[in-house]
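A.B. asks: Would you mind keeping the following structure in view while I ask a few things?
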Amino acid sequence: MIVASVDFQTLSDALGLGAIYALMAVGIGLVFGVLRLVNFAYGQLVMAGAYTLAFTSGWPVAASIVACFAVVVGLSLAMDRAVFRPLRGQSPAVMLVTTFAIAFVLQAIALIVDLRDNTIGEIASSVAPLNRSVSVGGVDVRKITIVAVVVAAVALALLALLLTRTTIGLHTRAAASDFRTARLLGVRANRVIAFAALLSGVLAATVSVLLTVQTPFVSPDFALRDTIVVLVGVVVGGIDRLWTATLGGFTIGFASGVINGALPTDKTVYLPSAVFALVILVLLLRPAGLFAWGRHAAAERV
Amino acid sequence: MRPRIESAVELIGPVALVAAVGLVATTLSRANEIYALNALVSVAIVVAIYVFVGTSGVLSFGQISFVAVGAFAAGIMTVPLESKRGVLTELFPFLRDHTIGNLPSLVLAAAVGGVFAFVVGLPLMRLSGLAAGIATFAVLEITHNVLREWTRIGPGATTLSLVPETVGPLQATLGAVVAIVVAFAYQRSRPGRLLRASREDPAAARGVGVDVHRQRLLAFTVSGALAGFAGGLLVHLLGSITTEQVYLELTFLTLAMLVVGGLTSLWGAVVGALAVSGLDSFLSQAEQGIHVGVKVDLPSGTRLVILGALMTLVLVLRPSGLTGGREFGPPSRMRR
């Protein structure tokens, strides 16, 4: 039985992973909302942040984290300015493939930078202490799990406030639901897109800190697999709306955490097939997303 | 109605270009020949992807699955019996105890790819947009997972080697030409044009009675058969293959080739595949230092950066690709 072997430890780890994936899902969903662009290079933003943390390992933790945010947000804004903006309104295939190309470039640059010391991979040690565990009611919980869940909850709450209570947030939501009409009503497209890129960058930087604490070994394909899994989760959840996308990201993170923790490794060889078969089934039954109900479920986008 | 001669020009352009690359390949040294042959096999793969993605406008990350099954089917059936019995001991007896020639193995690869695509497409072709993209990606993941783990049908996670390297300049060129001719015949046919109509306006196409699901399924199957065939060429070119070689990287690279060339034309598929492979081989030569008038000597690792940056640049400056998504033809009628 699978259920029997799920203990509290596994659940708490899964919760932490779900929280991190939810943040990534929001970052991808925000940009998709305003640009209709699936940013495959999102994982490379996280990777760049992780490298920043690794290279600033000697610095005080706070300075290291600030540097990480600066690099990732700067990169996200640069990506928006140099590539997303000129491509606005192009077909989804062209935009997606362009982000492949950017991901490819960033990964190749990371490889060159990384190989200066002739070994692949760097260790981000300054944030590692967060990985220690504390005992909660007799169960060991890694500090980072608590931090991840709290940070994700706070970040999502702040984001919700920002999107519902400020003018720029209102503009962003308007642009996400109908870009052309929003522009006709005076929403400034470039500002909204830059705002989405900024938020998306902040979220990516947060994710790099959280992920680097969990896996301090940073290599050029850092967060690549996570990004793919989150993208699947986001589409399965329903990419058209931010909260369904977030829920999709959380669900797939939580599910992979539970499955990986619960099954012995020799039983998991065909697990990816089973999971992806389930993904296909969900998409066939609910093409607009698992959590998309009502009129949104009927609308076929892209 | 276009005059017949103009439609013939649309076919002659890509075929002539591929033939030229094949001719150049025969003049190259053994070490450099592989670049040209790789480019020709890439043409076959990208044309296969074009038949579905370009004609239907539905994004698929799954076509490399059909390349993979084609490559492994053709590879396993042509490994000499003695070595197969010695190395691939866990195979099903009918796979282990039979072997076929090179040409039949290419036909087999096309058949396996086509049947697999048909079976997968039957449910999946109801999807479009991102859902289709993710679902086809799931097919790629499942194919990779099963090929990697199931040692009754293949070498599993180890390398499949000792496949006869029968693909030289002639076979690679002919292979690419076959893919182009099939794709051309398909896109000129009635089903091809119906699917194209549905790409431009799905609602209108449905309105005039086009069965979009059925047309997509047909294109997906043709594309799968061509992809399987291209996989057969690939394995007979390399002589050995692992599941990792027909997985994510090849998927992204070939899709990038198609989009860089121009998603909506056969000419774009051919030009994109040749341009990106050509650039890639030039840059990998340049990393080792070559003379082209001036001495070019790149620090190692810069190849991927330049390749990716140039692809980004092309897509930003010319989002509809190098060919603008148009077919080959004289400049005067360079419009759709």
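How things are named: the first chain in the structure tokens is A, the next is B, and so on; residues count from 1 in each chain; ligands count from 1 in the order shown.
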Excluding A:Val151 and its own-chain neighbours fewer than 3 positions away, which residues fall within 10 Å of it when counting only C-alpha atoms? Please give them as number ranges by chain.
C.D. replies: A: 19-20, 23, 144-148, 154-157, 206-207, 210
A.B. asks: Using only C-alpha atoms and a cut-off of 8 Å, which residues of chain B sit close to chain A? Please list them as a ChimeraX atom specification.
C.D. replies: /B:59,123-124,126-127,129-131,134-135,138-139,141-143,145-146,149,252,255-256,259,301-302,304-309,311-312,315-316,319-320
A.B. asks: Please produce an output containing C-alpha atoms for each residue in the selection, written as a short mmCIF file (atom, residue, chain, number, x, y, z; two decimals), in the first residue's frame.
C.D. replies:
data_model
loop_
_atom_site.label_atom_id
_atom_site.label_comp_id
_atom_site.auth_asym_id
_atom_site.auth_seq_id
_atom_site.Cartn_x
_atom_site.Cartn_y
_atom_site.Cartn_z
CA LEU B 59 2.35 22.89 -31.29
CA PRO B 123 -7.29 10.82 -28.39
CA LEU B 124 -4.75 13.69 -28.41
CA ARG B 126 -8.90 16.72 -29.88
CA LEU B 127 -6.66 19.13 -28.01
CA GLY B 129 -3.08 25.22 -27.96
CA LEU B 130 -1.02 24.73 -24.84
CA ALA B 131 -2.97 21.66 -23.75
CA ILE B 134 1.83 19.65 -22.86
CA ALA B 135 0.00 16.44 -23.81
CA ALA B 138 3.84 13.91 -21.97
CA VAL B 139 4.01 11.44 -24.87
CA GLU B 141 8.30 11.67 -21.57
CA ILE B 142 6.43 8.36 -21.56
CA THR B 143 8.24 7.14 -24.69
CA ASN B 145 10.76 6.45 -19.90
CA VAL B 146 9.59 3.17 -21.45
CA GLU B 149 13.51 1.02 -18.70
CA PHE B 252 14.11 21.82 -28.73
CA LEU B 255 11.62 22.90 -33.19
CA ALA B 256 14.00 25.85 -33.13
CA VAL B 259 10.70 28.21 -36.32
CA GLY B 301 31.90 26.89 -24.95
CA THR B 302 31.08 30.01 -26.95
CA LEU B 304 26.30 27.35 -27.79
CA VAL B 305 26.13 30.99 -26.70
CA ILE B 306 26.49 32.28 -30.26
CA LEU B 307 24.09 29.69 -31.67
CA GLY B 308 21.41 30.55 -29.12
CA ALA B 309 21.98 34.29 -29.44
CA MET B 311 18.52 32.13 -33.04
CA THR B 312 17.07 34.67 -30.60
CA LEU B 315 13.26 35.33 -34.04
CA VAL B 316 13.16 38.87 -32.67
CA PRO B 319 9.42 36.33 -36.13
CA SER B 320 8.05 34.57 -39.20
#
A.B. asks: Figure out the distance between atom CA of B:Gly329 and atom CA of B:Ala48, please, to one decimal in Å.
C.D. replies: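 Atom-to-atom, atom CA of B:Ala48 to atom CA of B:Gly329, that is 21.6 Å.
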A.B. asks: Please return, as an MDAnalysis selection string, all residues of stretch 19-256 of chain A that DSSP assigns to alpha helix (DSSP H) on the basis of the backbone.
C.D. replies: chainID A and resid 19:35 42:55 61:79 92:114 143:165 167:177 179:184 189:214 224:237 242:256
A.B. asks: Quote the spacing between atom CA of A:Thr119 and atom CA of A:Met79 in Å to one decimal place.
C.D. replies: 28.4 Å
A.B. asks: Between B:Ile49, B:Leu106, B:Ile180, B:Leu37, which has the minimum distance to B:Ala16 (counting only C-alpha atoms)?
C.D. replies: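 Closest to B:Ala16 of all the choices is B:Ile180.
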A.B. asks: Any idea what the distance is between atom CA of A:Ala25 and atom CA of A:Leu247?
C.D. replies: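 Computing the Euclidean distance for atom CA of A:Ala25 and atom CA of A:Leu247 yields 8.3 Å.
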A.B. asks: What lies within 9 Å of B:His213 using only C-alpha atoms, ignoring chain neighbours under 2 positions off, as a list in words?
C.D. replies: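 What passes the distance filter is Leu122, Met125, Arg126, Leu127, Val210, Asp211, Gln215, Arg216, Leu217 and Leu218 of chain B.
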A.B. asks: Within 9 Å of A:Leu11, counting only C-alpha atoms, which residues qualify if same-chain residues fewer than 5 places away don't, as JSON, numbers by chain?
C.D. replies: {"A": [6, 16, 254, 257, 258, 261]}
A.B. asks: Considering only C-alpha atoms, return as an MDAnalysis selection string whatever protein or nucleic-acid residues lie within 10 Å of A:Val34, sequence-local ones (same chain, fewer than 3 positions apart) excluded.
C.D. replies: chainID A and resid 29:31 37 88 171:179 189 192:197
A.B. asks: May I have the residues from that selection written out with N, CA and C atoms, as an mmCIF file, in the first residue's frame?
C.D. replies:
data_model
loop_
_atom_site.group_PDB
_atom_site.id
_atom_site.type_symbol
_atom_site.label_atom_id
_atom_site.label_comp_id
_atom_site.auth_asym_id
_atom_site.auth_seq_id
_atom_site.Cartn_x
_atom_site.Cartn_y
_atom_site.Cartn_z
ATOM 1 N N GLY A 29 2.827 32.291 -14.622
ATOM 2 C CA GLY A 29 1.452 32.685 -14.912
ATOM 3 C C GLY A 29 1.273 34.179 -15.105
ATOM 4 N N LEU A 30 2.000 34.986 -14.319
ATOM 5 C CA LEU A 30 1.896 36.448 -14.438
ATOM 6 C C LEU A 30 2.286 36.910 -15.835
ATOM 7 N N VAL A 31 3.451 36.447 -16.310
ATOM 8 C CA VAL A 31 3.913 36.859 -17.632
ATOM 9 C C VAL A 31 3.000 36.311 -18.710
ATOM 10 N N LEU A 37 2.660 34.582 -23.243
ATOM 11 C CA LEU A 37 3.957 33.988 -23.528
ATOM 12 C C LEU A 37 4.317 33.014 -22.425
ATOM 13 N N ARG A 88 5.842 40.927 -28.804
ATOM 14 C CA ARG A 88 4.460 40.983 -28.342
ATOM 15 C C ARG A 88 3.499 40.747 -29.497
ATOM 16 N N HIS A 171 -4.441 47.481 -13.510
ATOM 17 C CA HIS A 171 -4.092 47.520 -14.934
ATOM 18 C C HIS A 171 -3.604 46.153 -15.411
ATOM 19 N N THR A 172 -2.781 45.518 -14.546
ATOM 20 C CA THR A 172 -2.235 44.218 -14.937
ATOM 21 C C THR A 172 -3.345 43.189 -15.105
ATOM 22 N N ARG A 173 -4.293 43.212 -14.158
ATOM 23 C CA ARG A 173 -5.378 42.239 -14.271
ATOM 24 C C ARG A 173 -6.244 42.532 -15.494
ATOM 25 N N ALA A 174 -6.433 43.825 -15.755
ATOM 26 C CA ALA A 174 -7.221 44.185 -16.938
ATOM 27 C C ALA A 174 -6.526 43.688 -18.198
ATOM 28 N N ALA A 175 -5.194 43.909 -18.251
ATOM 29 C CA ALA A 175 -4.439 43.473 -19.425
ATOM 30 C C ALA A 175 -4.479 41.966 -19.570
ATOM 31 N N ALA A 176 -4.475 41.275 -18.424
ATOM 32 C CA ALA A 176 -4.477 39.818 -18.483
ATOM 33 C C ALA A 176 -5.806 39.288 -19.005
ATOM 34 N N SER A 177 -6.899 39.986 -18.687
ATOM 35 C CA SER A 177 -8.158 39.424 -19.155
ATOM 36 C C SER A 177 -8.467 39.849 -20.586
ATOM 37 N N ASP A 178 -8.058 41.044 -21.016
ATOM 38 C CA ASP A 178 -8.245 41.423 -22.417
ATOM 39 C C ASP A 178 -7.285 42.556 -22.754
ATOM 40 N N PHE A 179 -6.162 42.175 -23.355
ATOM 41 C CA PHE A 179 -5.089 43.141 -23.552
ATOM 42 C C PHE A 179 -5.509 44.306 -24.441
ATOM 43 N N ALA A 189 0.672 49.595 -22.069
ATOM 44 C CA ALA A 189 1.071 48.203 -22.267
ATOM 45 C C ALA A 189 2.470 47.929 -21.744
ATOM 46 N N VAL A 192 2.737 47.790 -17.949
ATOM 47 C CA VAL A 192 2.123 46.600 -17.363
ATOM 48 C C VAL A 192 3.020 45.387 -17.567
ATOM 49 N N ILE A 193 3.573 45.283 -18.773
ATOM 50 C CA ILE A 193 4.421 44.129 -19.068
ATOM 51 C C ILE A 193 5.693 44.181 -18.225
ATOM 52 N N ALA A 194 6.283 45.385 -18.115
ATOM 53 C CA ALA A 194 7.483 45.512 -17.294
ATOM 54 C C ALA A 194 7.171 45.178 -15.840
ATOM 55 N N PHE A 195 5.976 45.578 -15.388
ATOM 56 C CA PHE A 195 5.564 45.286 -14.015
ATOM 57 C C PHE A 195 5.458 43.776 -13.811
ATOM 58 N N ALA A 196 4.850 43.097 -14.777
ATOM 59 C CA ALA A 196 4.732 41.636 -14.684
ATOM 60 C C ALA A 196 6.113 40.997 -14.678
ATOM 61 N N ALA A 197 7.017 41.520 -15.526
ATOM 62 C CA ALA A 197 8.373 40.959 -15.583
ATOM 63 C C ALA A 197 9.099 41.191 -14.264
#
A.B. asks: Apply DSSP to the structure's backbone, then extract all residues of stretch 102-278 of chain A labelled strand (DSSP E) and return them as a PyMOL selection string.
C.D. replies: chain A and resi 122-123+133-136+139-142+217-218
A.B. asks: Which neighbours of A:Tyr51 fall inside 12 Å, counting only C-alpha atoms, when residues of the same chain fewer than 4 positions from it are skipped, and could you give them as a PyMOL selection string?
C.D. replies: chain A and resi 44-47+55-57+64-65+67-69+71-72+106-107+109-111+113-114+120-125+205+208-209+211-212+216-223
A.B. asks: Go ahead and dump the residues you just picked, C-alpha atoms, as a PDB file, in the first residue's frame.
C.D. replies:
ATOM      1  CA  GLN A  44      17.358  29.927 -16.048  1.00  0.00           C
ATOM      2  CA  LEU A  45      16.418  33.026 -14.047  1.00  0.00           C
ATOM      3  CA  VAL A  46      16.317  30.790 -10.993  1.00  0.00           C
ATOM      4  CA  MET A  47      19.607  29.216 -12.086  1.00  0.00           C
ATOM      5  CA  PHE A  55      29.616  32.942  -6.072  1.00  0.00           C
ATOM      6  CA  THR A  56      28.833  35.230  -3.131  1.00  0.00           C
ATOM      7  CA  SER A  57      29.136  32.430  -0.582  1.00  0.00           C
ATOM      8  CA  SER A  64      24.295  37.433  -0.790  1.00  0.00           C
ATOM      9  CA  ILE A  65      20.510  37.311  -0.982  1.00  0.00           C
ATOM     10  CA  ALA A  67      22.801  40.289  -4.808  1.00  0.00           C
ATOM     11  CA  CYS A  68      20.705  37.325  -5.910  1.00  0.00           C
ATOM     12  CA  PHE A  69      17.576  39.474  -6.120  1.00  0.00           C
ATOM     13  CA  VAL A  71      20.801  39.826 -10.606  1.00  0.00           C
ATOM     14  CA  VAL A  72      17.566  37.916 -11.173  1.00  0.00           C
ATOM     15  CA  LEU A 106      21.812  31.521 -20.436  1.00  0.00           C
ATOM     16  CA  GLN A 107      22.649  27.888 -19.776  1.00  0.00           C
ATOM     17  CA  ILE A 109      26.903  31.209 -20.445  1.00  0.00           C
ATOM     18  CA  ALA A 110      26.498  29.559 -17.043  1.00  0.00           C
ATOM     19  CA  LEU A 111      28.528  26.606 -18.282  1.00  0.00           C
ATOM     20  CA  VAL A 113      31.382  30.810 -16.156  1.00  0.00           C
ATOM     21  CA  ASP A 114      31.135  27.630 -14.130  1.00  0.00           C
ATOM     22  CA  ILE A 120      31.169  21.559 -13.137  1.00  0.00           C
ATOM     23  CA  GLY A 121      28.949  22.865 -10.386  1.00  0.00           C
ATOM     24  CA  GLU A 122      29.398  25.255  -7.481  1.00  0.00           C
ATOM     25  CA  ILE A 123      28.314  24.968  -3.875  1.00  0.00           C
ATOM     26  CA  ALA A 124      26.175  27.707  -2.382  1.00  0.00           C
ATOM     27  CA  SER A 125      27.156  27.281   1.247  1.00  0.00           C
ATOM     28  CA  ALA A 205      14.802  35.234  -7.028  1.00  0.00           C
ATOM     29  CA  SER A 208      16.362  30.547  -6.199  1.00  0.00           C
ATOM     30  CA  VAL A 209      17.040  31.249  -2.531  1.00  0.00           C
ATOM     31  CA  LEU A 211      15.786  25.953  -3.898  1.00  0.00           C
ATOM     32  CA  THR A 212      19.463  26.648  -3.267  1.00  0.00           C
ATOM     33  CA  PRO A 216      23.178  23.736  -2.525  1.00  0.00           C
ATOM     34  CA  PHE A 217      24.876  22.102  -5.514  1.00  0.00           C
ATOM     35  CA  VAL A 218      24.394  24.527  -8.425  1.00  0.00           C
ATOM     36  CA  SER A 219      24.997  23.414 -12.027  1.00  0.00           C
ATOM     37  CA  PRO A 220      23.936  24.889 -15.402  1.00  0.00           C
ATOM     38  CA  ASP A 221      20.801  22.741 -15.521  1.00  0.00           C
ATOM     39  CA  PHE A 222      19.730  23.884 -12.046  1.00  0.00           C
ATOM     40  CA  ALA A 223      15.927  24.221 -11.874  1.00  0.00           C
TER      41      ALA A 223
END
A.B. asks: Pick out the closest residue to B:Leu170 from this set: B:Leu233, B:Leu91, B:Met257, B:Leu279. Count only C-alpha atoms.
C.D. replies: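 Distance minimum relative to B:Leu170 lands on B:Leu233.
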A.B. asks: So, with only C-alpha atoms as the atoms that count, which of B:Val167, B:Thr26, B:Tyr35, B:Val178 lies closest to B:Leu283?
C.D. replies: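 For B:Leu283, the nearest of the candidates is B:Tyr35.
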A.B. asks: Counting only C-alpha atoms, what is within 6 Å of B:Phe66, bar same-chain residues fewer than 3 positions away, as a PDB file with C-alpha atoms, in the first residue's frame?
C.D. replies:
ATOM      1  CA  GLN B  63       7.329  14.230 -32.694  1.00  0.00           C
ATOM      2  CA  VAL B  69      10.820   4.552 -31.831  1.00  0.00           C
ATOM      3  CA  GLY B  70      11.848   4.632 -35.488  1.00  0.00           C
ATOM      4  CA  GLY B 113       6.364   5.696 -36.261  1.00  0.00           C
ATOM      5  CA  GLY B 224       4.881  10.273 -37.294  1.00  0.00           C
ATOM      6  CA  ALA B 227       9.697  11.034 -38.136  1.00  0.00           C
ATOM      7  CA  GLY B 228      10.110   7.281 -37.683  1.00  0.00           C
TER       8      GLY B 228
END
A.B. asks: Tell me which of B:Val53, B:Leu11, B:Ile45, B:Leu317 sits closest to B:Gly175, counting only C-alpha atoms.
C.D. replies: B:Ile45
